[in-house]
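Student: Got a structure for you, data01.cif, holding mmCIF, C-alpha atoms, pLDDT in the B column; chains and numbers go by the auth columns.
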data_run
#
loop_
_atom_site.group_PDB
_atom_site.id
_atom_site.type_symbol
_atom_site.label_atom_id
_atom_site.label_comp_id
_atom_site.label_asym_id
_atom_site.label_seq_id
_atom_site.Cartn_x
_atom_site.Cartn_y
_atom_site.Cartn_z
_atom_site.B_iso_or_equiv
_atom_site.auth_seq_id
_atom_site.auth_asym_id
ATOM 1 C CA PRO A 1 103.457 129.695 102.848 73.00 140 L
ATOM 2 C CA ALA A 2 99.764 130.508 102.567 81.00 141 L
ATOM 3 C CA PRO A 3 97.457 127.562 103.327 84.00 142 L
ATOM 4 C CA GLU A 4 96.471 125.540 100.279 91.00 143 L
ATOM 5 C CA PRO A 5 92.900 126.393 99.284 96.00 144 L
ATOM 6 C CA VAL A 6 90.307 123.713 100.071 98.00 145 L
ATOM 7 C CA ALA A 7 86.647 124.108 99.153 97.00 146 L
ATOM 8 C CA GLN A 8 85.526 123.784 102.780 97.00 147 L
ATOM 9 C CA VAL A 9 87.410 123.508 106.079 98.00 148 L
ATOM 10 C CA VAL A 10 85.245 123.149 109.181 98.00 149 L
ATOM 11 C CA ASP A 11 86.013 122.519 112.848 98.00 150 L
ATOM 12 C CA ALA A 12 83.528 120.128 114.412 98.00 151 L
ATOM 13 C CA THR A 13 83.017 117.847 117.378 98.00 152 L
ATOM 14 C CA ALA A 14 82.862 114.107 116.768 98.00 153 L
ATOM 15 C CA ASP A 15 80.830 112.854 119.726 98.00 154 L
ATOM 16 C CA GLY A 16 83.055 114.827 122.075 98.00 155 L
ATOM 17 C CA VAL A 17 86.322 114.594 120.113 98.00 156 L
ATOM 18 C CA PRO A 18 87.443 117.766 118.278 98.00 157 L
ATOM 19 C CA VAL A 19 88.050 117.247 114.563 98.00 158 L
ATOM 20 C CA ARG A 20 88.766 119.382 111.523 98.00 159 L
ATOM 21 C CA VAL A 21 87.117 118.357 108.262 98.00 160 L
ATOM 22 C CA TYR A 22 88.693 119.180 104.897 98.00 161 L
ATOM 23 C CA ASP A 23 86.244 118.765 102.011 98.00 162 L
ATOM 24 C CA PRO A 24 87.701 119.371 98.526 98.00 163 L
ATOM 25 C CA ASP A 25 84.192 119.223 97.020 95.00 164 L
ATOM 26 C CA ALA A 26 85.033 116.087 95.054 92.00 165 L
ATOM 27 C CA GLY A 27 81.434 114.890 94.957 93.00 166 L
ATOM 28 C CA PRO A 28 79.005 112.933 97.147 93.00 167 L
ATOM 29 C CA ASP A 29 80.926 109.691 96.677 93.00 168 L
ATOM 30 C CA ALA A 30 84.344 111.097 97.556 97.00 169 L
ATOM 31 C CA PRO A 31 86.303 108.710 99.785 98.00 170 L
ATOM 32 C CA LEU A 32 87.073 109.451 103.417 98.00 171 L
ATOM 33 C CA VAL A 33 90.445 109.609 105.169 98.00 172 L
ATOM 34 C CA VAL A 34 90.643 109.701 108.963 98.00 173 L
ATOM 35 C CA PHE A 35 93.976 111.325 109.787 99.00 174 L
ATOM 36 C CA LEU A 36 95.893 111.111 113.077 98.00 175 L
ATOM 37 C CA HIS A 37 98.684 113.623 113.633 98.00 176 L
ATOM 38 C CA GLY A 38 102.073 112.778 115.098 98.00 177 L
ATOM 39 C CA GLY A 39 103.860 114.339 118.045 98.00 178 L
ATOM 40 C CA GLY A 40 104.877 111.461 120.283 98.00 179 L
ATOM 41 C CA PHE A 41 101.335 111.172 121.723 98.00 180 L
ATOM 42 C CA ALA A 42 102.135 114.355 123.685 98.00 181 L
ATOM 43 C CA LEU A 43 102.632 117.211 121.187 98.00 182 L
ATOM 44 C CA CYS A 44 101.053 118.783 118.084 97.00 183 L
ATOM 45 C CA ASP A 45 97.411 119.368 117.229 98.00 184 L
ATOM 46 C CA LEU A 46 95.049 120.212 114.384 98.00 185 L
ATOM 47 C CA ASP A 47 96.988 123.368 113.510 96.00 186 L
ATOM 48 C CA SER A 48 100.424 121.726 113.352 95.00 187 L
ATOM 49 C CA HIS A 49 99.239 119.399 110.574 96.00 188 L
ATOM 50 C CA ASP A 50 96.769 121.746 108.878 96.00 189 L
ATOM 51 C CA ALA A 51 98.874 122.303 105.756 94.00 190 L
ATOM 52 C CA PHE A 52 99.523 118.574 105.389 95.00 191 L
ATOM 53 C CA CYS A 53 95.817 117.725 105.652 97.00 192 L
ATOM 54 C CA ARG A 54 94.907 120.423 103.139 97.00 193 L
ATOM 55 C CA ALA A 55 97.394 119.007 100.676 95.00 194 L
ATOM 56 C CA MET A 56 96.145 115.469 101.318 97.00 195 L
ATOM 57 C CA ALA A 57 92.509 116.391 100.715 98.00 196 L
ATOM 58 C CA VAL A 58 93.254 118.158 97.433 97.00 197 L
ATOM 59 C CA ALA A 59 95.725 115.573 96.116 97.00 198 L
ATOM 60 C CA THR A 60 93.586 112.531 96.956 98.00 199 L
ATOM 61 C CA GLY A 61 90.141 113.989 96.246 98.00 200 L
ATOM 62 C CA SER A 62 89.073 112.809 99.696 98.00 201 L
ATOM 63 C CA VAL A 63 87.256 114.252 102.662 98.00 202 L
ATOM 64 C CA VAL A 64 89.952 114.313 105.360 98.00 203 L
ATOM 65 C CA VAL A 65 88.893 114.198 109.010 98.00 204 L
ATOM 66 C CA SER A 66 91.823 115.242 111.216 98.00 205 L
ATOM 67 C CA VAL A 67 91.415 114.090 114.812 98.00 206 L
ATOM 68 C CA ASP A 68 92.465 116.135 117.867 98.00 207 L
ATOM 69 C CA TYR A 69 92.766 113.174 120.234 98.00 208 L
ATOM 70 C CA ARG A 70 93.646 113.630 123.905 98.00 209 L
ATOM 71 C CA ARG A 71 97.366 113.687 124.591 98.00 210 L
ATOM 72 C CA ALA A 72 99.739 112.413 127.249 98.00 211 L
ATOM 73 C CA PRO A 73 100.830 112.818 129.965 98.00 212 L
ATOM 74 C CA GLU A 74 97.481 114.161 131.169 98.00 213 L
ATOM 75 C CA PHE A 75 95.682 111.456 129.173 98.00 214 L
ATOM 76 C CA PRO A 76 97.856 108.347 128.756 98.00 215 L
ATOM 77 C CA PHE A 77 97.015 105.187 126.813 98.00 216 L
ATOM 78 C CA PRO A 78 94.301 104.190 125.936 98.00 217 L
ATOM 79 C CA ALA A 79 92.774 107.690 125.683 98.00 218 L
ATOM 80 C CA ALA A 80 94.244 108.440 122.234 98.00 219 L
ATOM 81 C CA PRO A 81 93.132 105.256 120.428 98.00 220 L
ATOM 82 C CA GLU A 82 89.695 105.457 122.035 98.00 221 L
ATOM 83 C CA ASP A 83 89.295 109.055 120.832 98.00 222 L
ATOM 84 C CA ALA A 84 90.476 108.015 117.384 98.00 223 L
ATOM 85 C CA PHE A 85 87.903 105.224 117.275 98.00 224 L
ATOM 86 C CA THR A 86 85.137 107.571 118.415 98.00 225 L
ATOM 87 C CA ALA A 87 86.060 109.991 115.630 98.00 226 L
ATOM 88 C CA LEU A 88 86.149 107.168 113.088 98.00 227 L
ATOM 89 C CA LEU A 89 82.634 106.062 114.047 98.00 228 L
ATOM 90 C CA TRP A 90 81.424 109.649 113.755 98.00 229 L
ATOM 91 C CA ALA A 91 83.079 110.105 110.369 98.00 230 L
ATOM 92 C CA ALA A 92 81.578 106.879 109.010 98.00 231 L
ATOM 93 C CA LYS A 93 78.127 107.944 110.231 98.00 232 L
ATOM 94 C CA THR A 94 78.453 111.519 108.959 98.00 233 L
ATOM 95 C CA TYR A 95 79.780 110.442 105.556 97.00 234 L
ATOM 96 C CA PRO A 96 77.999 107.120 104.934 96.00 235 L
ATOM 97 C CA ASP A 97 78.779 104.674 102.156 96.00 236 L
ATOM 98 C CA ARG A 98 82.288 106.012 101.531 97.00 237 L
ATOM 99 C CA ARG A 99 85.493 104.064 101.113 98.00 238 L
ATOM 100 C CA ILE A 100 87.460 104.761 104.296 98.00 239 L
ATOM 101 C CA ALA A 101 91.220 104.908 104.767 98.00 240 L
ATOM 102 C CA VAL A 102 93.189 105.761 107.870 98.00 241 L
ATOM 103 C CA ALA A 103 96.445 107.682 107.764 98.00 242 L
ATOM 104 C CA GLY A 104 98.925 109.136 110.206 98.00 243 L
ATOM 105 C CA ASP A 105 102.497 110.177 110.766 98.00 244 L
ATOM 106 C CA SER A 106 104.754 108.998 113.604 98.00 245 L
ATOM 107 C CA ALA A 107 102.614 108.467 116.726 98.00 246 L
ATOM 108 C CA GLY A 108 99.615 109.172 114.525 98.00 247 L
ATOM 109 C CA ALA A 109 100.599 106.256 112.308 98.00 248 L
ATOM 110 C CA ASN A 110 100.572 104.087 115.434 98.00 249 L
ATOM 111 C CA LEU A 111 96.998 105.226 116.099 98.00 250 L
ATOM 112 C CA ALA A 112 96.029 104.706 112.461 98.00 251 L
ATOM 113 C CA THR A 113 97.075 101.069 112.391 98.00 252 L
ATOM 114 C CA VAL A 114 95.580 100.532 115.863 98.00 253 L
ATOM 115 C CA LEU A 115 92.275 101.697 114.353 98.00 254 L
ATOM 116 C CA THR A 116 92.455 98.800 111.909 98.00 255 L
ATOM 117 C CA GLN A 117 92.729 96.417 114.881 98.00 256 L
ATOM 118 C CA LEU A 118 89.880 98.118 116.721 98.00 257 L
ATOM 119 C CA THR A 119 87.527 97.951 113.742 98.00 258 L
ATOM 120 C CA ARG A 120 88.394 94.283 113.294 98.00 259 L
ATOM 121 C CA ASP A 121 87.808 93.512 116.971 98.00 260 L
ATOM 122 C CA ARG A 122 84.683 95.676 117.372 98.00 261 L
ATOM 123 C CA GLY A 123 82.913 94.870 114.129 97.00 262 L
ATOM 124 C CA GLY A 124 83.558 97.869 111.906 93.00 263 L
ATOM 125 C CA PRO A 125 83.362 100.267 110.234 98.00 264 L
ATOM 126 C CA GLU A 126 85.333 98.794 107.357 97.00 265 L
ATOM 127 C CA ILE A 127 88.714 100.335 106.612 98.00 266 L
ATOM 128 C CA VAL A 128 89.997 99.634 103.108 98.00 267 L
ATOM 129 C CA PHE A 129 93.529 101.042 103.441 98.00 268 L
ATOM 130 C CA GLN A 130 96.120 102.274 105.925 98.00 269 L
ATOM 131 C CA ALA A 131 98.785 104.875 105.108 98.00 270 L
ATOM 132 C CA LEU A 132 101.530 104.868 107.738 98.00 271 L
ATOM 133 C CA TYR A 133 104.242 107.513 107.547 98.00 272 L
ATOM 134 C CA TYR A 134 107.373 106.711 109.635 98.00 273 L
ATOM 135 C CA PRO A 135 105.266 104.946 112.287 98.00 274 L
ATOM 136 C CA MET A 136 106.162 104.876 115.989 98.00 275 L
ATOM 137 C CA LEU A 137 105.287 101.314 116.996 98.00 276 L
ATOM 138 C CA ASP A 138 107.599 99.782 119.593 95.00 277 L
ATOM 139 C CA PRO A 139 108.251 101.064 123.143 97.00 278 L
ATOM 140 C CA ALA A 140 111.265 98.714 123.429 96.00 279 L
ATOM 141 C CA ARG A 141 113.191 100.781 120.851 97.00 280 L
ATOM 142 C CA SER A 142 115.578 97.874 120.394 95.00 281 L
ATOM 143 C CA ARG A 143 116.255 97.829 116.673 97.00 282 L
ATOM 144 C CA PRO A 144 119.539 98.996 115.078 98.00 283 L
ATOM 145 C CA SER A 145 118.161 102.266 113.677 98.00 284 L
ATOM 146 C CA HIS A 146 117.579 103.465 117.239 98.00 285 L
ATOM 147 C CA ARG A 147 121.334 103.279 117.804 97.00 286 L
ATOM 148 C CA GLU A 148 122.456 104.354 114.325 98.00 287 L
ATOM 149 C CA ASN A 149 120.227 107.456 114.289 98.00 288 L
ATOM 150 C CA ALA A 150 120.040 108.151 118.021 98.00 289 L
ATOM 151 C CA GLN A 151 121.246 111.751 117.739 98.00 290 L
ATOM 152 C CA GLY A 152 121.569 114.438 115.121 97.00 291 L
ATOM 153 C CA TYR A 153 118.589 113.807 112.839 96.00 292 L
ATOM 154 C CA PHE A 154 115.783 115.937 114.309 94.00 293 L
ATOM 155 C CA LEU A 155 114.027 113.158 116.289 98.00 294 L
ATOM 156 C CA THR A 156 116.369 111.651 118.890 98.00 295 L
ATOM 157 C CA GLU A 157 116.358 108.526 121.009 97.00 296 L
ATOM 158 C CA ASP A 158 116.002 110.759 124.081 97.00 297 L
ATOM 159 C CA HIS A 159 112.798 112.202 122.631 98.00 298 L
ATOM 160 C CA LEU A 160 111.381 108.752 122.007 98.00 299 L
ATOM 161 C CA ARG A 161 112.200 107.523 125.492 98.00 300 L
ATOM 162 C CA TRP A 162 110.399 110.533 126.956 98.00 301 L
ATOM 163 C CA TYR A 163 107.377 110.200 124.652 98.00 302 L
ATOM 164 C CA TRP A 164 106.790 106.569 125.572 98.00 303 L
ATOM 165 C CA ARG A 165 107.126 107.358 129.277 98.00 304 L
ATOM 166 C CA GLN A 166 104.385 109.963 128.961 98.00 305 L
ATOM 167 C CA TYR A 167 102.071 107.715 126.943 98.00 306 L
ATOM 168 C CA LEU A 168 102.234 104.400 128.784 98.00 307 L
ATOM 169 C CA ALA A 169 100.703 104.296 132.260 94.00 308 L
ATOM 170 C CA SER A 170 102.305 100.940 133.140 94.00 309 L
ATOM 171 C CA ASP A 171 104.940 98.493 131.928 92.00 310 L
ATOM 172 C CA ARG A 172 102.146 96.113 131.006 95.00 311 L
ATOM 173 C CA ASP A 173 100.842 98.624 128.445 97.00 312 L
ATOM 174 C CA ALA A 174 104.147 98.379 126.572 97.00 313 L
ATOM 175 C CA GLU A 175 103.110 94.952 125.307 95.00 314 L
ATOM 176 C CA HIS A 176 99.476 95.751 124.568 97.00 315 L
ATOM 177 C CA PRO A 177 98.865 95.503 120.805 98.00 316 L
ATOM 178 C CA TYR A 178 96.718 98.652 120.856 98.00 317 L
ATOM 179 C CA ALA A 179 99.754 100.563 122.175 98.00 318 L
ATOM 180 C CA ALA A 180 102.579 98.612 120.528 98.00 319 L
ATOM 181 C CA PRO A 181 101.316 97.210 117.198 98.00 320 L
ATOM 182 C CA LEU A 182 104.449 95.102 116.686 96.00 321 L
ATOM 183 C CA HIS A 183 103.002 92.885 119.444 95.00 322 L
ATOM 184 C CA ALA A 184 99.741 92.430 117.529 96.00 323 L
ATOM 185 C CA THR A 185 98.568 89.070 116.218 95.00 324 L
ATOM 186 C CA GLY A 186 95.995 88.270 113.571 95.00 325 L
ATOM 187 C CA LEU A 187 97.479 90.760 111.147 98.00 326 L
ATOM 188 C CA GLY A 188 96.166 88.837 108.148 97.00 327 L
ATOM 189 C CA SER A 189 92.733 90.404 108.547 97.00 328 L
ATOM 190 C CA LEU A 190 94.027 93.985 108.387 98.00 329 L
ATOM 191 C CA PRO A 191 93.687 96.163 105.257 98.00 330 L
ATOM 192 C CA PRO A 192 96.428 96.821 102.700 98.00 331 L
ATOM 193 C CA ALA A 193 99.126 99.258 103.779 98.00 332 L
ATOM 194 C CA HIS A 194 101.557 101.800 102.415 98.00 333 L
ATOM 195 C CA ILE A 195 104.438 102.438 104.815 98.00 334 L
ATOM 196 C CA VAL A 196 106.975 105.227 104.339 98.00 335 L
ATOM 197 C CA THR A 197 110.215 105.222 106.337 98.00 336 L
ATOM 198 C CA ALA A 198 113.179 107.606 106.423 98.00 337 L
ATOM 199 C CA GLU A 199 116.779 106.412 106.235 98.00 338 L
ATOM 200 C CA LEU A 200 117.980 108.714 109.047 98.00 339 L
ATOM 201 C CA ASP A 201 115.135 108.070 111.477 98.00 340 L
ATOM 202 C CA PRO A 202 115.409 106.137 114.759 98.00 341 L
ATOM 203 C CA LEU A 203 111.990 104.652 113.896 98.00 342 L
ATOM 204 C CA ARG A 204 113.088 103.349 110.486 98.00 343 L
ATOM 205 C CA ASP A 205 113.556 99.708 111.435 98.00 344 L
ATOM 206 C CA GLU A 206 110.337 99.298 113.390 98.00 345 L
ATOM 207 C CA GLY A 207 108.301 100.647 110.472 98.00 346 L
ATOM 208 C CA GLU A 208 110.054 98.233 108.134 98.00 347 L
ATOM 209 C CA ALA A 209 109.585 95.370 110.613 98.00 348 L
ATOM 210 C CA TYR A 210 105.859 96.083 110.660 98.00 349 L
ATOM 211 C CA ALA A 211 105.746 96.073 106.860 98.00 350 L
ATOM 212 C CA ALA A 212 107.438 92.672 106.897 98.00 351 L
ATOM 213 C CA ALA A 213 105.017 91.358 109.528 98.00 352 L
ATOM 214 C CA LEU A 214 102.016 92.468 107.475 98.00 353 L
ATOM 215 C CA ALA A 215 103.474 90.938 104.321 98.00 354 L
ATOM 216 C CA ASP A 216 104.196 87.660 106.124 98.00 355 L
ATOM 217 C CA ALA A 217 100.549 87.616 107.197 98.00 356 L
ATOM 218 C CA GLY A 218 99.438 87.985 103.581 98.00 357 L
ATOM 219 C CA VAL A 219 98.490 91.669 103.692 98.00 358 L
ATOM 220 C CA PRO A 220 99.331 93.628 100.518 98.00 359 L
ATOM 221 C CA VAL A 221 102.029 96.136 101.476 98.00 360 L
ATOM 222 C CA GLN A 222 104.095 98.774 99.749 98.00 361 L
ATOM 223 C CA LEU A 223 107.174 99.884 101.692 98.00 362 L
ATOM 224 C CA ARG A 224 109.158 102.960 100.650 98.00 363 L
ATOM 225 C CA ARG A 225 112.355 103.957 102.397 98.00 364 L
ATOM 226 C CA CYS A 226 113.337 107.527 101.550 96.00 365 L
ATOM 227 C CA ASP A 227 117.129 107.746 101.508 96.00 366 L
ATOM 228 C CA GLY A 228 118.705 110.835 103.004 95.00 367 L
ATOM 229 C CA MET A 229 115.493 111.825 104.776 96.00 368 L
ATOM 230 C CA PHE A 230 114.814 112.211 108.492 96.00 369 L
ATOM 231 C CA HIS A 231 111.793 111.902 110.747 97.00 370 L
ATOM 232 C CA GLY A 232 108.984 114.339 109.994 95.00 371 L
ATOM 233 C CA PHE A 233 110.145 115.228 106.497 95.00 372 L
ATOM 234 C CA LEU A 234 106.786 114.701 104.768 94.00 373 L
ATOM 235 C CA THR A 235 105.159 117.547 106.670 88.00 374 L
ATOM 236 C CA MET A 236 108.079 119.880 105.874 84.00 375 L
ATOM 237 C CA ALA A 237 107.721 119.686 102.110 65.00 376 L
ATOM 238 C CA ALA A 238 106.634 123.270 101.410 62.00 377 L
ATOM 239 C CA GLY A 239 109.479 124.271 99.115 64.00 378 L
ATOM 240 C CA ALA A 240 112.488 123.801 101.379 74.00 379 L
ATOM 241 C CA LEU A 241 112.966 120.068 100.741 84.00 380 L
ATOM 242 C CA PRO A 242 112.369 119.084 97.098 87.00 381 L
ATOM 243 C CA GLU A 243 112.948 115.402 97.911 89.00 382 L
ATOM 244 C CA ALA A 244 110.284 115.613 100.607 90.00 383 L
ATOM 245 C CA ALA A 245 107.831 117.250 98.225 89.00 384 L
ATOM 246 C CA GLU A 246 108.383 114.448 95.714 92.00 385 L
ATOM 247 C CA ALA A 247 107.947 111.791 98.392 94.00 386 L
ATOM 248 C CA ARG A 248 104.754 113.415 99.611 94.00 387 L
ATOM 249 C CA ASP A 249 103.366 113.524 96.076 94.00 388 L
ATOM 250 C CA ARG A 250 104.105 109.802 95.731 96.00 389 L
ATOM 251 C CA ALA A 251 102.478 109.058 99.086 97.00 390 L
ATOM 252 C CA PHE A 252 99.321 110.952 98.183 97.00 391 L
ATOM 253 C CA SER A 253 99.204 109.349 94.726 97.00 392 L
ATOM 254 C CA THR A 254 99.409 105.922 96.350 98.00 393 L
ATOM 255 C CA LEU A 255 96.636 106.790 98.785 98.00 394 L
ATOM 256 C CA ARG A 256 94.418 108.107 96.002 98.00 395 L
ATOM 257 C CA ALA A 257 94.990 104.982 93.915 97.00 396 L
ATOM 258 C CA ALA A 258 94.212 102.729 96.878 97.00 397 L
ATOM 259 C CA LEU A 259 90.958 104.559 97.572 97.00 398 L
ATOM 260 C CA ASN A 260 90.078 103.998 93.918 94.00 399 L
ATOM 261 C CA GLY A 261 90.762 100.275 94.293 93.00 400 L
ATOM 262 C CA GLU A 262 94.099 100.379 92.489 92.00 401 L
ATOM 263 C CA PHE A 263 96.799 99.088 94.818 87.00 402 L
ATOM 264 C CA GLY A 264 99.317 96.263 94.602 74.00 403 L
ATOM 265 C CA ASN A 265 102.264 94.835 96.464 64.00 404 L
ATOM 266 C CA GLY A 266 105.685 96.271 95.898 56.00 405 L
#
With the file now loaded, output its structure as structure tokens.
Tutor:
Amino acid sequence: PAPEPVAQVVDATADGVPVRVYDPDAGPDAPLVVFLHGGGFALCDLDSHDAFCRAMAVATGSVVVSVDYRRAPEFPFPAAPEDAFTALLWAAKTYPDRRIAVAGDSAGANLATVLTQLTRDRGGPEIVFQALYYPMLDPARSRPSHRENAQGYFLTEDHLRWYWRQYLASDRDAEHPYAAPLHATGLGSLPPAHIVTAELDPLRDEGEAYAAALADAGVPVQLRRCDGMFHGFLTMAAGALPEAAEARDRAFSTLRAALNGEFGNG
């Protein structure tokens, strides 16, 4: 389908990191979303998620900054989270005094929640919300959904094994909280979260485990499992999958409400 119209779409460089900025012309106080695309830390780019970011900007009334972080295997961990943090600092400086959320799908959701750790550990900028869509969080891949959904549902266990091997330069990195957020501590200081998982996704259980860990730490969390759906479905919602379109509308509505200060547990 034709790209969704957005008032302004501009490619820029965020202190050396390529970004694409989607501005729906929602006013000088419009909130800011820093978006990290998925692709197993090795695939995809600004173009692969262009339609999704356009839809997000329009639906949430937010300036969306999509980050083209360096990818593995040429640039393994920690290149991607460092690029994401650089882009976040640039976005906060370029669009000052805005409410900032981070969002991402799959490996991008990993980077999004890692940004909340980095801003906590490095003294800002403040992130008020994190939107994590079927996040890829655990190199161990040990939970039941990895066996139940290992083959046949778009993303396979073989894919995930390969992605992690490209991303992690050493076995020690597999336990670093900036690479594997399920190893993180001090979660209670992180911002509220909305986590979407898919029933037929190998990553389902690790996303739901992270939601539980945040909730146990006292972080407001909404978890939505989408029955019958598979990994990547939110970015495939352009007419072919009505259930995906509905889920994406709900996700964007939740993000918009959170940026307006209207978010609760559930």
Student: Report, in Å to a single decimal, how far apart CA of Ala251 in chain L and CA of Pro381 in chain L are.
Tutor: 26.6 Å
Student: Which residues match the PyMOL selection byres ((chain L and resi 338) around 6) in the file above, as a list in words?
Tutor: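 The output of the PyMOL selection byres ((chain L and resi 338) around 6) on this file is Ala337, Leu339, Asp340, Cys365, Asp366, Gly367 and Met368 of chain L.
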Student: Would you output that residue set with C-alpha atoms, as a JSON list (two decimals), in the coordinates of the input?
Tutor:
[["chain", "number", "residue", "atom", "x", "y", "z"],
["L", 337, "ALA", "CA", 113.18, 107.61, 106.42],
["L", 339, "LEU", "CA", 117.98, 108.71, 109.05],
["L", 340, "ASP", "CA", 115.14, 108.07, 111.48],
["L", 365, "CYS", "CA", 113.34, 107.53, 101.55],
["L", 366, "ASP", "CA", 117.13, 107.75, 101.51],
["L", 367, "GLY", "CA", 118.70, 110.84, 103.00],
["L", 368, "MET", "CA", 115.49, 111.82, 104.78]]
Student: Measuring between all atoms listed in the file, which one of L:Arg364, L:Arg209, L:His370, L:Arg259 shows the shortest distance to Gln290 in chain L?
Tutor: L:His370
Student: Using only C-alpha atoms for the distances, tell me which of L:Asp260, L:Asp184, L:Asp168, L:Asp277 is nearest to Asp236 in chain L.
Tutor: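 Nearest to Asp236 in chain L: L:Asp168.
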Student: Given the PyMOL selection byres ((chain L and resi 250) around 9) and the file above, list the residues it selects as an MDAnalysis selection string.
Tutor: chainID L and resid 175:176 219:220 223 242:243 245:249 251:255 317:318
Student: Just the residues within 12 Å of Gly166 in chain L, please, counting all atoms listed in the file, with nothing from its chain fewer than 5 positions along; format it as a list in words.
Tutor: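 Once the nearby chain positions are removed, what remains is Ala146, Leu171, Gly200, Ser201, Val202, Tyr234 and Arg237 of chain L.
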Student: Could you jot down the CA of Leu326 in chain L to CA of Glu314 in chain L separation for me, Å, one decimal place?
Tutor: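 So the answer is 15.8 Å.
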